[in-house]
Amino acid sequence: MPVVVLVSGSGTNLQALIDASQGNATPWQIVAVGADRPGIAGLERAESAGIPTFVCPVKDYPQRSEWDTALADHLMNALPEAHDGRRWVVSAGFMKVLGTTVLNEFTVLNTHPALLPAFPGAHGVRDAMAYGAKVTGATLHFVDEGVDTGPIVSQRIVAINDDDTEDSLHERIKVAERDMLVRGLTSLLSTGFTLSDRKVTLL
Ligand code: GRF
């Protein structure tokens, strides 16, 4: 099953996917990696693994809708339909909200560093700490038109320690997040799933 991964930063979630697909017979294969900015470690990781890349920066387009269309074109060029009839995209630390053109054509998964629906948005780790939560975690979910509001596939719980900094907590969350992402993607694409009334059930 072909998959495109979208990244904006260090790409350690991407690396976990690369490692899993190289080490085992995963039911999916990364056919391209896309980014919204050049010069990031995530793109270097893809290039080191011999995976084609593309860059589609928002600032290159006068309207957000034009960026959305351009991103959809990049994805369409890179990504054939899988045998379930879907075109699978993984947003792994991709820090842009996707528009309707992309969402109408592609099935997009996102990994978020908090236990949704708590603490959506760009600062999920910081917001959970500031709220005084004692646990947080990571969520793998389908992307819909809201911000981190789509149906949940999988979640992991991570305790918040009294001496945590945002960085130390985020690093611990990312350990759980990477495993959740690899296992979740593999489950969805190997056995299939149903989605009814927001509830995702693996078959
Ligand atoms: C992850 O925690 C992701 O959920 C968040 O940003 C982080 C990206 O990490 N949106 P990396 O680029 O995969 O290392």
# chains A, B, ... in the order shown; residues from 1 in each chain; ligands from 1

call {"tool": "residues_near_ligand", "arguments": {"ligand": "ligand 1", "cutoff": "9 Å", "atoms": "only C-alpha atoms and all ligand atoms", "output": "number ranges by chain"}}
result
A: 7-16, 41-42, 91-95, 110-114, 121-125, 138-140, 170-171, 173-174, 177-178

call {"tool": "residues_around", "arguments": {"residues": "range 105-107 of chain A", "least_positions_apart": "6", "cutoff": "12 Å", "atoms": "only C-alpha atoms", "output": "compact mmCIF listing (two decimals) with C-alpha atoms, in the first residue's frame"}}
result
# COMPACT_ATOMS: atom_id res chain seq x y z
CA PRO A 2 1.65 3.26 -1.08
CA VAL A 3 1.80 6.05 1.50
CA VAL A 4 3.08 9.64 1.39
CA VAL A 5 4.40 11.15 4.64
CA ASP A 68 -4.13 23.44 -0.96
CA THR A 69 -4.58 22.72 -4.67
CA LEU A 71 -0.31 20.25 -2.37
CA ALA A 72 -3.07 18.03 -3.75
CA ASP A 73 -1.29 18.04 -7.13
CA HIS A 74 2.02 17.03 -5.53
CA LEU A 75 0.29 14.25 -3.63
CA MET A 76 -1.61 13.03 -6.68
CA LEU A 79 0.63 8.61 -4.75
CA PRO A 80 -1.29 5.91 -6.61
CA GLU A 81 -4.47 4.45 -5.17
CA ALA A 82 -3.97 1.64 -2.72
CA ASP A 84 -8.58 -0.37 -0.84
CA GLY A 85 -9.27 2.47 -3.29
CA ARG A 86 -7.83 5.12 -0.96
CA ARG A 87 -4.81 7.36 -1.32
CA TRP A 88 -3.10 7.27 2.07
CA VAL A 89 -1.24 10.26 3.52
CA VAL A 90 0.40 10.41 6.96
CA SER A 91 0.86 13.82 8.54
CA LEU A 98 -4.98 20.83 5.40
CA GLY A 99 -7.70 22.22 3.15
CA HIS A 141 -6.50 10.16 14.22
CA PHE A 142 -8.01 10.70 10.81
CA VAL A 143 -7.86 14.30 9.67
CA ASP A 144 -11.09 16.16 9.02
CA GLY A 150 -11.07 13.75 13.35
CA PRO A 151 -11.99 10.19 14.36
CA LEU A 185 -0.72 2.46 10.27
CA LEU A 188 -5.25 0.02 9.41
CA LEU A 189 -3.59 -1.00 6.17

call {"tool": "select_by_dssp", "arguments": {"residues": "range 53-136 of chain A", "states": "strand (DSSP E or B)", "output": "JSON, numbers by chain"}}
result
{"A": [53, 54, 55, 88, 89, 90, 91, 107, 108, 109, 110, 111, 112, 135, 136]}

call {"tool": "closest_residue", "arguments": {"among": "A:Ile51, A:Leu6, A:Met1, A:Cys56", "to": "Arg37 in chain A", "atoms": "only C-alpha atoms"}}
result
A:Cys56

call {"tool": "closest_residue", "arguments": {"among": "A:Glu47, A:Asp60, A:Asp127, A:Asp167", "to": "Val33 in chain A", "atoms": "only C-alpha atoms"}}
result
A:Glu47

call {"tool": "closest_residue", "arguments": {"among": "A:Lys134, A:Lys199, A:Arg45, A:Arg156", "to": "Asp179 in chain A", "atoms": "only C-alpha atoms"}}
result
A:Arg156

call {"tool": "closest_residue", "arguments": {"among": "A:Val58, A:Ala133, A:Ala159, A:Val153", "to": "Thr186 in chain A", "atoms": "only C-alpha atoms"}}
result
A:Val153

call {"tool": "residues_around", "arguments": {"residues": "Ser196 in chain A", "least_positions_apart": "4", "cutoff": "12 Å", "atoms": "only C-alpha atoms", "output": "MDAnalysis selection string"}}
result
chainID A and resid 151:152 200:202

call {"tool": "write_last_selection", "arguments": {"atoms": "N, CA, C and O atoms", "output": "PDB file, in the first residue's frame"}}
result
ATOM      1  N   PRO A 151     -11.796  11.446  13.638  1.00  0.00           N
ATOM      2  CA  PRO A 151     -11.986  10.189  14.362  1.00  0.00           C
ATOM      3  C   PRO A 151     -10.671   9.571  14.844  1.00  0.00           C
ATOM      4  O   PRO A 151      -9.680   9.525  14.112  1.00  0.00           O
ATOM      5  N   ILE A 152     -10.697   9.083  16.072  1.00  0.00           N
ATOM      6  CA  ILE A 152      -9.482   8.582  16.730  1.00  0.00           C
ATOM      7  C   ILE A 152      -9.238   7.118  16.390  1.00  0.00           C
ATOM      8  O   ILE A 152     -10.133   6.285  16.500  1.00  0.00           O
ATOM      9  N   VAL A 200     -13.720   4.300  15.046  1.00  0.00           N
ATOM     10  CA  VAL A 200     -12.868   3.520  14.160  1.00  0.00           C
ATOM     11  C   VAL A 200     -12.697   2.143  14.780  1.00  0.00           C
ATOM     12  O   VAL A 200     -12.295   2.006  15.931  1.00  0.00           O
ATOM     13  N   THR A 201     -13.018   1.112  14.001  1.00  0.00           N
ATOM     14  CA  THR A 201     -12.851  -0.263  14.482  1.00  0.00           C
ATOM     15  C   THR A 201     -11.973  -1.015  13.508  1.00  0.00           C
ATOM     16  O   THR A 201     -12.247  -1.068  12.307  1.00  0.00           O
ATOM     17  N   LEU A 202     -10.887  -1.572  14.050  1.00  0.00           N
ATOM     18  CA  LEU A 202      -9.995  -2.374  13.203  1.00  0.00           C
ATOM     19  C   LEU A 202     -10.636  -3.727  12.948  1.00  0.00           C
ATOM     20  O   LEU A 202     -11.252  -4.303  13.847  1.00  0.00           O
TER      21      LEU A 202
END

call {"tool": "closest_residue", "arguments": {"among": "A:Gly146, A:Gly137, A:Pro117, A:Pro57", "to": "Gly39 in chain A", "atoms": "only C-alpha atoms"}}
result
A:Pro57

call {"tool": "closest_residue", "arguments": {"among": "A:Thr101, A:Ser48, A:Asn161, A:Thr53", "to": "Glu66 in chain A", "atoms": "only C-alpha atoms"}}
result
A:Thr101

call {"tool": "atom_distance", "arguments": {"atom1": "CA of Gly23 in chain A", "atom2": "CA of Ala46 in chain A"}}
result
15.7 Å

call {"tool": "decode", "arguments": {"residues": "range 189-200 of chain A", "atoms": "all heavy atoms", "output": "mmCIF file, in the first residue's frame"}}
result
data_model
loop_
_atom_site.group_PDB
_atom_site.id
_atom_site.type_symbol
_atom_site.label_atom_id
_atom_site.label_comp_id
_atom_site.auth_asym_id
_atom_site.auth_seq_id
_atom_site.Cartn_x
_atom_site.Cartn_y
_atom_site.Cartn_z
ATOM 1 N N LEU A 189 -3.818 -0.639 7.559
ATOM 2 C CA LEU A 189 -3.587 -1.000 6.169
ATOM 3 C C LEU A 189 -3.461 -2.504 5.952
ATOM 4 O O LEU A 189 -3.477 -2.957 4.813
ATOM 5 C CB LEU A 189 -2.356 -0.267 5.620
ATOM 6 C CG LEU A 189 -2.691 1.116 5.042
ATOM 7 C CD1 LEU A 189 -3.302 2.045 6.045
ATOM 8 C CD2 LEU A 189 -1.498 1.743 4.373
ATOM 9 N N SER A 190 -3.334 -3.257 7.030
ATOM 10 C CA SER A 190 -3.262 -4.704 6.808
ATOM 11 C C SER A 190 -4.629 -5.349 6.937
ATOM 12 O O SER A 190 -5.049 -6.097 6.064
ATOM 13 C CB SER A 190 -2.255 -5.365 7.745
ATOM 14 O OG SER A 190 -2.585 -5.093 9.079
ATOM 15 N N THR A 191 -5.356 -5.006 7.985
ATOM 16 C CA THR A 191 -6.639 -5.695 8.189
ATOM 17 C C THR A 191 -7.820 -4.869 7.718
ATOM 18 O O THR A 191 -8.907 -5.392 7.553
ATOM 19 C CB THR A 191 -6.834 -6.029 9.683
ATOM 20 O OG1 THR A 191 -6.726 -4.825 10.430
ATOM 21 C CG2 THR A 191 -5.789 -7.006 10.165
ATOM 22 N N GLY A 192 -7.636 -3.579 7.542
ATOM 23 C CA GLY A 192 -8.753 -2.707 7.196
ATOM 24 C C GLY A 192 -9.491 -2.243 8.445
ATOM 25 O O GLY A 192 -9.153 -2.630 9.573
ATOM 26 N N PHE A 193 -10.507 -1.428 8.234
ATOM 27 C CA PHE A 193 -11.198 -0.821 9.378
ATOM 28 C C PHE A 193 -12.598 -0.409 8.953
ATOM 29 O O PHE A 193 -12.906 -0.331 7.767
ATOM 30 C CB PHE A 193 -10.421 0.417 9.861
ATOM 31 C CG PHE A 193 -10.404 1.536 8.852
ATOM 32 C CD1 PHE A 193 -11.300 2.596 8.952
ATOM 33 C CD2 PHE A 193 -9.525 1.510 7.774
ATOM 34 C CE1 PHE A 193 -11.300 3.619 8.006
ATOM 35 C CE2 PHE A 193 -9.535 2.518 6.827
ATOM 36 C CZ PHE A 193 -10.410 3.574 6.944
ATOM 37 N N THR A 194 -13.442 -0.184 9.948
ATOM 38 C CA THR A 194 -14.719 0.471 9.679
ATOM 39 C C THR A 194 -14.727 1.799 10.419
ATOM 40 O O THR A 194 -14.057 1.957 11.452
ATOM 41 C CB THR A 194 -15.915 -0.376 10.131
ATOM 42 O OG1 THR A 194 -15.811 -0.596 11.543
ATOM 43 C CG2 THR A 194 -15.957 -1.699 9.393
ATOM 44 N N LEU A 195 -15.483 2.734 9.876
ATOM 45 C CA LEU A 195 -15.625 4.054 10.502
ATOM 46 C C LEU A 195 -17.105 4.388 10.517
ATOM 47 O O LEU A 195 -17.726 4.532 9.467
ATOM 48 C CB LEU A 195 -14.839 5.087 9.691
ATOM 49 C CG LEU A 195 -14.995 6.553 10.091
ATOM 50 C CD1 LEU A 195 -14.727 6.762 11.567
ATOM 51 C CD2 LEU A 195 -14.047 7.409 9.259
ATOM 52 N N SER A 196 -17.660 4.433 11.712
ATOM 53 C CA SER A 196 -19.094 4.682 11.827
ATOM 54 C C SER A 196 -19.333 5.559 13.034
ATOM 55 O O SER A 196 -18.897 5.217 14.146
ATOM 56 C CB SER A 196 -19.814 3.337 11.979
ATOM 57 O OG SER A 196 -21.150 3.540 12.355
ATOM 58 N N ASP A 197 -20.007 6.694 12.810
ATOM 59 C CA ASP A 197 -20.370 7.527 13.950
ATOM 60 C C ASP A 197 -19.123 7.907 14.751
ATOM 61 O O ASP A 197 -19.106 7.804 15.984
ATOM 62 C CB ASP A 197 -21.341 6.735 14.832
ATOM 63 C CG ASP A 197 -22.260 7.651 15.608
ATOM 64 O OD1 ASP A 197 -22.276 8.851 15.301
ATOM 65 O OD2 ASP A 197 -22.919 7.160 16.540
ATOM 66 N N ARG A 198 -18.046 8.282 14.058
ATOM 67 C CA ARG A 198 -16.745 8.663 14.629
ATOM 68 C C ARG A 198 -15.935 7.481 15.136
ATOM 69 O O ARG A 198 -14.772 7.639 15.490
ATOM 70 C CB ARG A 198 -16.879 9.644 15.812
ATOM 71 C CG ARG A 198 -17.138 11.080 15.479
ATOM 72 C CD ARG A 198 -16.907 11.934 16.706
ATOM 73 N NE ARG A 198 -15.527 11.877 17.142
ATOM 74 C CZ ARG A 198 -14.547 12.650 16.646
ATOM 75 N NH1 ARG A 198 -14.829 13.544 15.726
ATOM 76 N NH2 ARG A 198 -13.321 12.533 17.088
ATOM 77 N N LYS A 199 -16.526 6.302 15.232
ATOM 78 C CA LYS A 199 -15.797 5.187 15.862
ATOM 79 C C LYS A 199 -15.038 4.376 14.829
ATOM 80 O O LYS A 199 -15.613 3.851 13.884
ATOM 81 C CB LYS A 199 -16.766 4.315 16.649
ATOM 82 C CG LYS A 199 -17.271 5.072 17.871
ATOM 83 C CD LYS A 199 -18.285 4.330 18.674
ATOM 84 C CE LYS A 199 -18.902 5.267 19.694
ATOM 85 N NZ LYS A 199 -19.621 6.427 19.068
ATOM 86 N N VAL A 200 -13.720 4.300 15.046
ATOM 87 C CA VAL A 200 -12.868 3.520 14.160
ATOM 88 C C VAL A 200 -12.697 2.143 14.780
ATOM 89 O O VAL A 200 -12.295 2.006 15.931
ATOM 90 C CB VAL A 200 -11.479 4.188 14.012
ATOM 91 C CG1 VAL A 200 -10.581 3.355 13.111
ATOM 92 C CG2 VAL A 200 -11.620 5.609 13.482
#
